[in-house]
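Source file upload.txt; content: compact mmCIF, C-alpha atoms and all ligand atoms.
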# COMPACT_ATOMS: atom_id res chain seq x y z
CA MET R 1 -42.70 212.24 -13.31
CA LEU R 2 -44.09 212.34 -9.77
CA GLU R 3 -47.41 210.94 -10.97
CA TYR R 4 -45.66 208.01 -12.66
CA LEU R 5 -43.47 207.35 -9.62
CA ARG R 6 -46.41 207.52 -7.21
CA ALA R 7 -48.41 205.03 -9.26
CA PHE R 8 -45.98 202.36 -8.00
CA LEU R 9 -46.06 203.55 -4.42
CA SER R 10 -48.12 201.23 -2.25
CA ARG R 11 -48.67 202.32 1.35
CA ASP R 12 -47.36 200.03 4.08
CA ASN R 13 -50.29 200.79 6.42
CA VAL R 14 -53.91 201.59 5.48
CA LEU R 15 -53.89 204.65 7.73
CA LEU R 16 -51.23 206.39 5.61
CA SER R 17 -53.57 207.26 2.71
CA GLY R 18 -56.15 208.52 5.22
CA ILE R 19 -53.58 210.83 6.85
CA GLU R 20 -52.48 212.09 3.42
CA ARG R 21 -56.10 212.97 2.52
CA GLN R 22 -56.82 214.50 5.93
CA SER R 23 -53.63 216.59 5.93
CA ARG R 24 -54.37 218.23 2.58
CA GLY R 25 -57.14 220.41 4.02
CA ARG R 26 -55.37 221.33 7.25
CA THR R 27 -53.53 224.54 8.01
CA ASP R 28 -52.96 223.79 11.71
CA ILE R 29 -50.21 221.23 11.19
CA GLN R 30 -46.85 221.26 9.48
CA PRO R 31 -46.46 219.20 6.31
CA SER R 32 -45.64 215.52 6.50
CA VAL R 33 -42.92 213.93 4.42
CA GLU R 34 -43.81 213.04 0.84
CA PRO R 35 -45.01 209.42 0.39
CA GLU R 36 -41.87 208.60 -1.61
CA LEU R 37 -39.73 209.74 1.32
CA GLY R 38 -41.87 207.70 3.72
CA LYS R 39 -41.29 204.63 1.57
CA PHE R 40 -37.58 205.44 1.31
CA LEU R 41 -37.34 205.63 5.11
CA GLY R 42 -39.02 202.23 5.28
CA LEU R 43 -36.52 200.91 2.78
CA LEU R 44 -33.54 202.29 4.72
CA VAL R 45 -34.73 200.63 7.93
CA ARG R 46 -35.07 197.29 6.14
CA LEU R 47 -31.78 197.72 4.25
CA THR R 48 -29.78 198.37 7.41
CA ASN R 49 -31.86 196.06 9.60
CA ALA R 50 -32.25 199.03 11.96
CA GLU R 51 -33.65 198.29 15.39
CA LYS R 52 -33.13 201.58 17.19
CA VAL R 53 -34.72 204.44 15.28
CA LEU R 54 -35.00 208.01 16.56
CA GLU R 55 -37.29 210.56 14.91
CA ILE R 56 -37.19 214.25 15.76
CA GLY R 57 -40.46 215.92 14.69
CA SER R 58 -43.33 213.41 14.67
CA GLY R 59 -45.96 215.76 13.25
CA ILE R 60 -49.20 213.76 13.39
CA GLY R 61 -47.28 210.55 12.87
CA TYR R 62 -47.19 210.07 9.10
CA SER R 63 -43.43 209.44 8.82
CA THR R 64 -43.60 207.66 12.19
CA ILE R 65 -46.00 205.09 10.74
CA TRP R 66 -43.68 204.38 7.80
CA LEU R 67 -40.83 203.88 10.29
CA GLY R 68 -43.03 201.89 12.70
CA GLU R 69 -44.14 199.48 9.97
CA ALA R 70 -40.49 198.99 8.98
CA VAL R 71 -39.24 198.20 12.50
CA LYS R 72 -42.02 195.62 12.81
CA GLN R 73 -39.93 193.64 10.33
CA THR R 74 -36.60 194.20 12.10
CA GLY R 75 -37.95 193.63 15.61
CA GLY R 76 -36.95 197.17 16.52
CA ARG R 77 -38.53 200.30 18.00
CA VAL R 78 -39.04 203.92 17.05
CA VAL R 79 -38.72 206.75 19.55
CA THR R 80 -40.34 209.91 18.20
CA ILE R 81 -40.29 213.40 19.72
CA ASP R 82 -42.57 216.40 19.19
CA ASN R 83 -43.01 219.52 21.28
CA HIS R 84 -46.60 220.34 20.25
CA GLU R 85 -49.22 219.05 22.68
CA ARG R 86 -52.15 218.61 20.31
CA THR R 87 -49.92 217.14 17.65
CA HIS R 88 -48.53 214.71 20.22
CA ARG R 89 -52.09 213.62 21.14
CA GLU R 90 -52.80 213.01 17.45
CA VAL R 91 -49.62 210.95 17.06
CA ILE R 92 -50.64 208.74 19.96
CA ALA R 93 -54.12 208.26 18.43
CA ASN R 94 -52.73 207.58 14.94
CA ILE R 95 -50.14 205.12 16.22
CA ARG R 96 -52.90 203.25 18.05
CA LYS R 97 -55.14 203.23 14.95
CA ALA R 98 -52.18 202.00 12.90
CA GLY R 99 -51.65 199.14 15.36
CA LEU R 100 -48.10 200.23 16.14
CA GLU R 101 -48.24 200.82 19.92
CA ASN R 102 -45.62 198.12 20.49
CA GLU R 103 -43.25 199.58 17.92
CA VAL R 104 -43.46 203.32 18.68
CA ASN R 105 -42.76 205.37 21.78
CA SER R 106 -43.95 208.95 21.36
CA ILE R 107 -42.40 211.60 23.63
CA LEU R 108 -43.79 215.09 24.19
CA GLY R 109 -41.16 217.78 24.69
CA GLN R 110 -38.43 219.98 23.33
CA ALA R 111 -35.97 217.94 21.29
CA GLU R 112 -33.10 220.18 22.43
CA GLU R 113 -33.81 219.09 26.03
CA ILE R 114 -34.66 215.43 25.42
CA VAL R 115 -31.99 214.43 22.87
CA PRO R 116 -28.93 215.16 25.07
CA GLU R 117 -30.42 212.78 27.69
CA LEU R 118 -30.88 209.86 25.28
CA GLU R 119 -28.80 206.70 25.34
CA LYS R 120 -26.28 206.07 22.53
CA GLU R 121 -25.95 203.70 19.58
CA TRP R 122 -28.95 204.61 17.41
CA ASP R 123 -29.13 202.80 14.08
CA ILE R 124 -31.07 205.59 12.36
CA ILE R 125 -31.74 209.19 13.36
CA PHE R 126 -34.32 210.96 11.21
CA GLN R 127 -34.61 214.74 11.63
CA ASP R 128 -37.78 216.55 10.57
CA GLY R 129 -38.37 218.92 13.49
CA GLY R 130 -37.73 222.67 13.56
CA LYS R 131 -34.99 223.41 11.03
CA TYR R 132 -33.10 225.47 13.64
CA LEU R 133 -32.53 222.18 15.44
CA TYR R 134 -30.37 220.77 12.65
CA PRO R 135 -27.22 222.84 13.39
CA LEU R 136 -28.16 223.19 17.08
CA LEU R 137 -28.28 219.43 17.74
CA TYR R 138 -25.54 218.43 15.30
CA ASP R 139 -22.76 217.98 17.86
CA THR R 140 -25.09 215.94 20.08
CA LEU R 141 -26.57 213.73 17.37
CA VAL R 142 -23.44 212.46 15.62
CA PRO R 143 -22.02 210.80 18.79
CA LEU R 144 -25.44 209.25 19.50
CA LEU R 145 -25.32 207.38 16.20
CA LYS R 146 -23.63 203.98 16.08
CA LYS R 147 -20.82 203.43 13.56
CA GLY R 148 -22.55 202.37 10.32
CA GLY R 149 -25.73 204.17 11.40
CA LEU R 150 -27.66 206.63 9.25
CA LEU R 151 -28.24 210.31 9.95
CA ILE R 152 -31.10 211.59 7.80
CA ALA R 153 -32.36 215.17 7.55
CA ASP R 154 -35.43 216.29 5.60
CA ASP R 155 -35.94 219.58 3.72
CA THR R 156 -32.24 220.22 3.22
CA LEU R 157 -32.76 221.92 -0.15
CA PHE R 158 -34.93 224.66 1.42
CA HIS R 159 -32.05 227.00 0.71
CA GLU R 160 -32.74 226.59 -3.00
CA ASN R 161 -36.49 226.86 -2.54
CA THR R 162 -39.12 229.59 -2.22
CA ARG R 163 -38.35 232.92 -0.53
CA ILE R 164 -40.10 232.02 2.72
CA ARG R 165 -38.31 228.67 2.89
CA LYS R 166 -34.98 230.38 2.17
CA LEU R 167 -35.09 231.78 5.71
CA LEU R 168 -35.26 228.27 7.13
CA GLY R 169 -32.80 227.31 4.43
CA ALA R 170 -30.07 229.17 6.28
CA TYR R 171 -30.25 226.44 8.96
CA THR R 172 -30.32 223.56 6.50
CA ASP R 173 -27.46 225.17 4.55
CA GLU R 174 -25.42 225.38 7.74
CA TYR R 175 -26.31 221.74 8.46
CA ASN R 176 -25.21 220.60 4.98
CA LYS R 177 -21.92 222.47 5.37
CA ARG R 178 -21.29 220.74 8.71
CA VAL R 179 -22.17 217.31 7.34
CA PHE R 180 -20.02 217.60 4.23
CA SER R 181 -16.97 218.79 6.13
CA ASP R 182 -17.24 216.04 8.75
CA SER R 183 -14.84 213.14 8.14
CA ARG R 184 -16.98 210.88 10.38
CA LEU R 185 -19.77 210.97 7.81
CA TYR R 186 -20.16 209.93 4.18
CA SER R 187 -23.07 211.90 2.75
CA VAL R 188 -25.27 212.67 -0.21
CA ILE R 189 -28.13 215.12 -0.81
CA LEU R 190 -31.03 213.50 -2.62
CA PRO R 191 -33.61 215.59 -4.51
CA VAL R 192 -36.56 213.83 -2.87
CA GLY R 193 -39.31 216.22 -1.76
CA HIS R 194 -37.55 219.38 -0.55
CA GLY R 195 -34.25 217.54 -0.33
CA VAL R 196 -32.92 214.86 1.98
CA THR R 197 -29.38 214.73 3.34
CA LEU R 198 -28.44 211.13 3.97
CA SER R 199 -25.24 210.36 5.87
CA VAL R 200 -23.67 207.13 7.04
CA LYS R 201 -21.34 207.28 10.02
CA VAL R 202 -18.08 205.77 8.84
CA GLU R 203 -15.91 206.73 11.84
CA ASP R 204 -16.48 207.38 15.54
C1 LIG R 301 -42.53 219.00 9.47
S1 LIG R 301 -43.33 218.52 10.95
C2 LIG R 301 -42.96 216.81 11.07
C3 LIG R 301 -43.70 215.96 10.08
C4 LIG R 301 -43.51 214.48 10.28
N1 LIG R 301 -42.12 214.10 10.31
C5 LIG R 301 -44.21 213.70 9.20
O1 LIG R 301 -43.65 213.46 8.14
O2 LIG R 301 -45.38 213.36 9.40
C6 LIG R 301 -42.26 219.20 12.18
C7 LIG R 301 -42.67 218.88 13.60
O3 LIG R 301 -41.58 219.23 14.44
C8 LIG R 301 -42.09 219.69 15.67
N2 LIG R 301 -41.05 220.51 16.31
C9 LIG R 301 -40.60 221.75 15.95
N3 LIG R 301 -39.66 222.17 16.80
C10 LIG R 301 -39.48 221.19 17.72
C11 LIG R 301 -38.66 221.04 18.87
N4 LIG R 301 -37.81 222.01 19.26
N5 LIG R 301 -38.74 219.89 19.59
C12 LIG R 301 -39.61 218.91 19.23
N6 LIG R 301 -40.43 219.01 18.17
C13 LIG R 301 -40.37 220.12 17.41
C14 LIG R 301 -43.36 220.48 15.29
O4 LIG R 301 -44.26 220.52 16.36
C15 LIG R 301 -43.87 219.67 14.08
O5 LIG R 301 -44.91 218.79 14.45

Do you think you could lay out the structure here as structure tokens?
Amino acid sequence: MLEYLRAFLSRDNVLLSGIERQSRGRTDIQPSVEPELGKFLGLLVRLTNAEKVLEIGSGIGYSTIWLGEAVKQTGGRVVTIDNHERTHREVIANIRKAGLENEVNSILGQAEEIVPELEKEWDIIFQDGGKYLYPLLYDTLVPLLKKGGLLIADDTLFHENTRIRKLLGAYTDEYNKRVFSDSRLYSVILPVGHGVTLSVKVED
């Protein structure tokens, strides 16, 4: 099924296929989102005409490029955060190569320190940093989102995954429980990649 689905999946920036190839052989970085999730993120930005997009966990910038290409069309900007110095340097280089310097602002640091200092009214918040951050930052992130905005978390089916991922799955399980008992959010878990929890903020 994946092969069929991916046959339709054009990349929005030429650098994306290069990063996919390069990442396959690397053990020094954490995995990027699947291309179908990248495309889905691009679709969500376009669908909601999102201008203010926050990403937690840039990695080497694969998902950031999907988001960056999308905000080019909405006239918006992406702020992306990662706490790993070398990874951060690679993001900066990849964003430059992708021609997205005007669309993306990459910040080096701990998300748990940076996020509470951010301004409000984000259109989209995409979480793909350390899974422990999901429950930790929950109470901070929901108020930062504008009404009608999207809160997106990757890997939220880890709980149902391999043994090693089950450990991280305790955090994503806690996150899902918070999200689905929160009357401010209307949510769904999609079986894309290792699971994506997508929530729209329906109430302040
Ligand atoms: C799964 S990777 C992100 C992949 C990226 N979203 C992509 O698709 O290309 C997770 C990233 O989160 C970063 N990270 C983990 N804990 C963090 C924290 N507390 N603050 C900021 N970044 C963090 C790691 O350095 C890593 O690069």

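The coordinates place CA of Ile29 in chain R at 8.0 Å from atom C14 of ligand LIG 301 (chain R).
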
Can you tell me, as a compact mmCIF listing (two decimals) with C-alpha atoms, in the coordinates of the input, what residues are no more than 8 Å from Asp155 in chain R when counting all atoms listed in the file, ignoring any on the same chain fewer than 4 positions away?
# COMPACT_ATOMS: atom_id res chain seq x y z
CA ASP R 128 -37.78 216.55 10.57
CA THR R 172 -30.32 223.56 6.50
CA GLY R 193 -39.31 216.22 -1.76
CA HIS R 194 -37.55 219.38 -0.55
CA GLY R 195 -34.25 217.54 -0.33
CA VAL R 196 -32.92 214.86 1.98

Separation of CA of Gln22 in chain R from CA of Ile60 in chain R, in Å and rounded to one decimal: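 Rounded to one decimal, the two atoms are 10.7 Å apart.
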
Expected axis-aligned box over every listed atom of range 55-59 of chain R, 3 Å added per side, centre plus edges in Å to one decimal, as AutoDock Vina command-line options:
--center_x -41.6 --center_y 213.2 --center_z 14.5 --size_x 14.8 --size_y 11.4 --size_z 8.5

Contact residues around range 104-113 of chain R with all atoms listed in the file at 8 Å, ignoring same-chain residues under 4 positions, as a PyMOL selection string: chain R and resi 56+64+68+77-85+88+91-92+95+100+117+133+136-137

Residue nearest Leu16 in chain R - candidates R:Asp28, R:Glu69, R:Glu51, R:Asp154, atoms counted: only C-alpha atoms: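 Under the stated criterion, the closest residue is R:Glu69.
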
For Tyr171 in chain R, the nearest of the candidates R:Pro143, R:Tyr134, R:Val188, R:Val200, counting all atoms listed in the file: R:Tyr134

Exercise: Thr74 in chain R partners within 12 Å, all atoms listed in the file, chain neighbours under 3 positions left out, as a list of chain:residue names: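 Within the cut-off, the hits are R:Gly42, R:Leu43, R:Leu44, R:Val45, R:Arg46, R:Leu47, R:Thr48, R:Asn49, R:Ala50, R:Glu51, R:Lys52, R:Val53, R:Leu67, R:Gly68, R:Glu69, R:Ala70, R:Val71, R:Arg77, R:Val78, R:Glu103, R:Asp123.
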
Selected residue, from R:Tyr138, R:Leu9, R:Phe180, R:Lys39, that lies nearest to Thr197 in chain R when counting only C-alpha atoms: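 Closest residue, counting only C-alpha atoms: R:Phe180.
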
Å distance separating CA of Val202 in chain R from CA of Glu119 in chain R, one decimal place: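 The value is 19.7 Å.
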
Proximity to ligand LIG 301 (chain R) - best of R:Asn176, R:Ser23, R:Ser10, R:Ser58, all atoms listed in the file: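 Closest candidate: R:Ser58.
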
Top pick for closest residue to ligand LIG 301 (chain R), considering R:Lys120, R:Lys131, R:Arg11, R:Arg24 and counting only C-alpha atoms and all ligand atoms: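 Nearest candidate to ligand LIG 301 (chain R) out of R:Lys120, R:Lys131, R:Arg11, R:Arg24: R:Lys131.
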
Show which residues sit within 12 Å of Ser183 in chain R, as a compact mmCIF listing (two decimals) with C-alpha atoms, in the frame of the given file. Count only C-alpha atoms, and ignore same-chain residues fewer than 4 positions away.
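Saved result, out_0.txt, follows:
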# COMPACT_ATOMS: atom_id res chain seq x y z
CA VAL R 142 -23.44 212.46 15.62
CA ARG R 178 -21.29 220.74 8.71
CA VAL R 179 -22.17 217.31 7.34
CA SER R 187 -23.07 211.90 2.75
CA SER R 199 -25.24 210.36 5.87
CA VAL R 200 -23.67 207.13 7.04
CA LYS R 201 -21.34 207.28 10.02
CA VAL R 202 -18.08 205.77 8.84
CA GLU R 203 -15.91 206.73 11.84
CA ASP R 204 -16.48 207.38 15.54

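Nearest to Leu54 in chain R of all the residues R:Pro35, R:Pro135, R:Gly25, R:Gly149 is R:Gly149, based on only C-alpha atoms.
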
Residue contacts of Asp173 in chain R (8 Å, all atoms listed in the file) excluding same-chain residues fewer than 6 positions away, as a ChimeraX atom specification: /R:156-157,159

Render range 81-116 of chain R from the structure in the preceding block as a file of N, CA and C atoms, as an mmCIF file, in the first residue's frame.
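What landed in result-v5.cif:
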data_model
loop_
_atom_site.group_PDB
_atom_site.id
_atom_site.type_symbol
_atom_site.label_atom_id
_atom_site.label_comp_id
_atom_site.auth_asym_id
_atom_site.auth_seq_id
_atom_site.Cartn_x
_atom_site.Cartn_y
_atom_site.Cartn_z
ATOM 1 N N ILE R 81 12.502 24.698 16.498
ATOM 2 C CA ILE R 81 13.397 24.630 17.665
ATOM 3 C C ILE R 81 14.056 23.257 17.728
ATOM 4 N N ASP R 82 15.356 23.229 17.973
ATOM 5 C CA ASP R 82 16.039 21.962 18.270
ATOM 6 C C ASP R 82 17.156 22.235 19.271
ATOM 7 N N ASN R 83 17.410 21.268 20.131
ATOM 8 C CA ASN R 83 18.396 21.496 21.194
ATOM 9 C C ASN R 83 19.764 20.898 20.874
ATOM 10 N N HIS R 84 19.907 20.302 19.672
ATOM 11 C CA HIS R 84 21.163 19.624 19.338
ATOM 12 C C HIS R 84 21.986 20.534 18.423
ATOM 13 N N GLU R 85 23.218 20.848 18.877
ATOM 14 C CA GLU R 85 24.000 21.867 18.172
ATOM 15 C C GLU R 85 24.326 21.507 16.730
ATOM 16 N N ARG R 86 24.811 20.267 16.519
ATOM 17 C CA ARG R 86 25.201 19.882 15.157
ATOM 18 C C ARG R 86 23.968 19.810 14.262
ATOM 19 N N THR R 87 22.917 19.251 14.836
ATOM 20 C CA THR R 87 21.659 19.155 14.084
ATOM 21 C C THR R 87 21.190 20.559 13.678
ATOM 22 N N HIS R 88 21.287 21.477 14.614
ATOM 23 C CA HIS R 88 20.869 22.865 14.355
ATOM 24 C C HIS R 88 21.692 23.460 13.202
ATOM 25 N N ARG R 89 23.018 23.173 13.200
ATOM 26 C CA ARG R 89 23.854 23.685 12.106
ATOM 27 C C ARG R 89 23.390 23.099 10.773
ATOM 28 N N GLU R 90 23.028 21.811 10.803
ATOM 29 C CA GLU R 90 22.563 21.165 9.562
ATOM 30 C C GLU R 90 21.234 21.751 9.093
ATOM 31 N N VAL R 91 20.364 22.068 10.050
ATOM 32 C CA VAL R 91 19.076 22.687 9.663
ATOM 33 C C VAL R 91 19.346 23.990 8.927
ATOM 34 N N ILE R 92 20.212 24.806 9.535
ATOM 35 C CA ILE R 92 20.496 26.118 8.934
ATOM 36 C C ILE R 92 21.002 25.919 7.503
ATOM 37 N N ALA R 93 21.953 24.958 7.329
ATOM 38 C CA ALA R 93 22.516 24.714 5.995
ATOM 39 C C ALA R 93 21.434 24.211 5.037
ATOM 40 N N ASN R 94 20.600 23.292 5.511
ATOM 41 C CA ASN R 94 19.561 22.726 4.630
ATOM 42 C C ASN R 94 18.506 23.774 4.251
ATOM 43 N N ILE R 95 18.165 24.619 5.213
ATOM 44 C CA ILE R 95 17.180 25.669 4.918
ATOM 45 C C ILE R 95 17.741 26.624 3.857
ATOM 46 N N ARG R 96 19.035 26.909 3.981
ATOM 47 C CA ARG R 96 19.661 27.795 2.988
ATOM 48 C C ARG R 96 19.652 27.125 1.609
ATOM 49 N N LYS R 97 20.081 25.839 1.587
ATOM 50 C CA LYS R 97 20.101 25.107 0.303
ATOM 51 C C LYS R 97 18.702 25.018 -0.307
ATOM 52 N N ALA R 98 17.701 24.926 0.560
ATOM 53 C CA ALA R 98 16.313 24.806 0.075
ATOM 54 C C ALA R 98 15.750 26.166 -0.356
ATOM 55 N N GLY R 99 16.504 27.228 -0.090
ATOM 56 C CA GLY R 99 16.037 28.569 -0.473
ATOM 57 C C GLY R 99 14.911 29.078 0.408
ATOM 58 N N LEU R 100 14.935 28.677 1.685
ATOM 59 C CA LEU R 100 13.818 29.034 2.575
ATOM 60 C C LEU R 100 14.256 29.925 3.750
ATOM 61 N N GLU R 101 15.373 30.656 3.578
ATOM 62 C CA GLU R 101 15.850 31.500 4.695
ATOM 63 C C GLU R 101 14.818 32.544 5.104
ATOM 64 N N ASN R 102 14.032 33.015 4.152
ATOM 65 C CA ASN R 102 13.044 34.055 4.489
ATOM 66 C C ASN R 102 11.812 33.486 5.183
ATOM 67 N N GLU R 103 11.634 32.187 5.040
ATOM 68 C CA GLU R 103 10.413 31.565 5.584
ATOM 69 C C GLU R 103 10.652 30.892 6.932
ATOM 70 N N VAL R 104 11.913 30.543 7.241
ATOM 71 C CA VAL R 104 12.175 29.729 8.437
ATOM 72 C C VAL R 104 13.155 30.420 9.379
ATOM 73 N N ASN R 105 12.796 30.402 10.650
ATOM 74 C CA ASN R 105 13.687 30.888 11.701
ATOM 75 C C ASN R 105 14.011 29.701 12.604
ATOM 76 N N SER R 106 15.282 29.290 12.597
ATOM 77 C CA SER R 106 15.677 28.107 13.355
ATOM 78 C C SER R 106 16.336 28.523 14.673
ATOM 79 N N ILE R 107 15.812 28.010 15.777
ATOM 80 C CA ILE R 107 16.314 28.390 17.107
ATOM 81 C C ILE R 107 16.988 27.195 17.768
ATOM 82 N N LEU R 108 18.183 27.426 18.319
ATOM 83 C CA LEU R 108 18.885 26.379 19.058
ATOM 84 C C LEU R 108 18.561 26.512 20.539
ATOM 85 N N GLY R 109 18.079 25.425 21.146
ATOM 86 C CA GLY R 109 17.834 25.470 22.591
ATOM 87 C C GLY R 109 16.832 24.434 23.042
ATOM 88 N N GLN R 110 16.629 24.421 24.352
ATOM 89 C CA GLN R 110 15.694 23.483 24.962
ATOM 90 C C GLN R 110 14.270 23.997 24.756
ATOM 91 N N ALA R 111 13.438 23.190 24.152
ATOM 92 C CA ALA R 111 12.056 23.624 23.902
ATOM 93 C C ALA R 111 11.352 23.990 25.205
ATOM 94 N N GLU R 112 11.659 23.249 26.284
ATOM 95 C CA GLU R 112 10.949 23.521 27.549
ATOM 96 C C GLU R 112 11.297 24.893 28.116
ATOM 97 N N GLU R 113 12.451 25.469 27.658
ATOM 98 C CA GLU R 113 12.805 26.822 28.111
ATOM 99 C C GLU R 113 12.297 27.879 27.127
ATOM 100 N N ILE R 114 12.352 27.553 25.843
ATOM 101 C CA ILE R 114 12.006 28.546 24.810
ATOM 102 C C ILE R 114 10.487 28.723 24.676
ATOM 103 N N VAL R 115 9.757 27.613 24.647
ATOM 104 C CA VAL R 115 8.308 27.674 24.357
ATOM 105 C C VAL R 115 7.539 28.576 25.335
ATOM 106 N N PRO R 116 7.795 28.503 26.648
ATOM 107 C CA PRO R 116 7.028 29.374 27.551
ATOM 108 C C PRO R 116 7.257 30.869 27.302
#
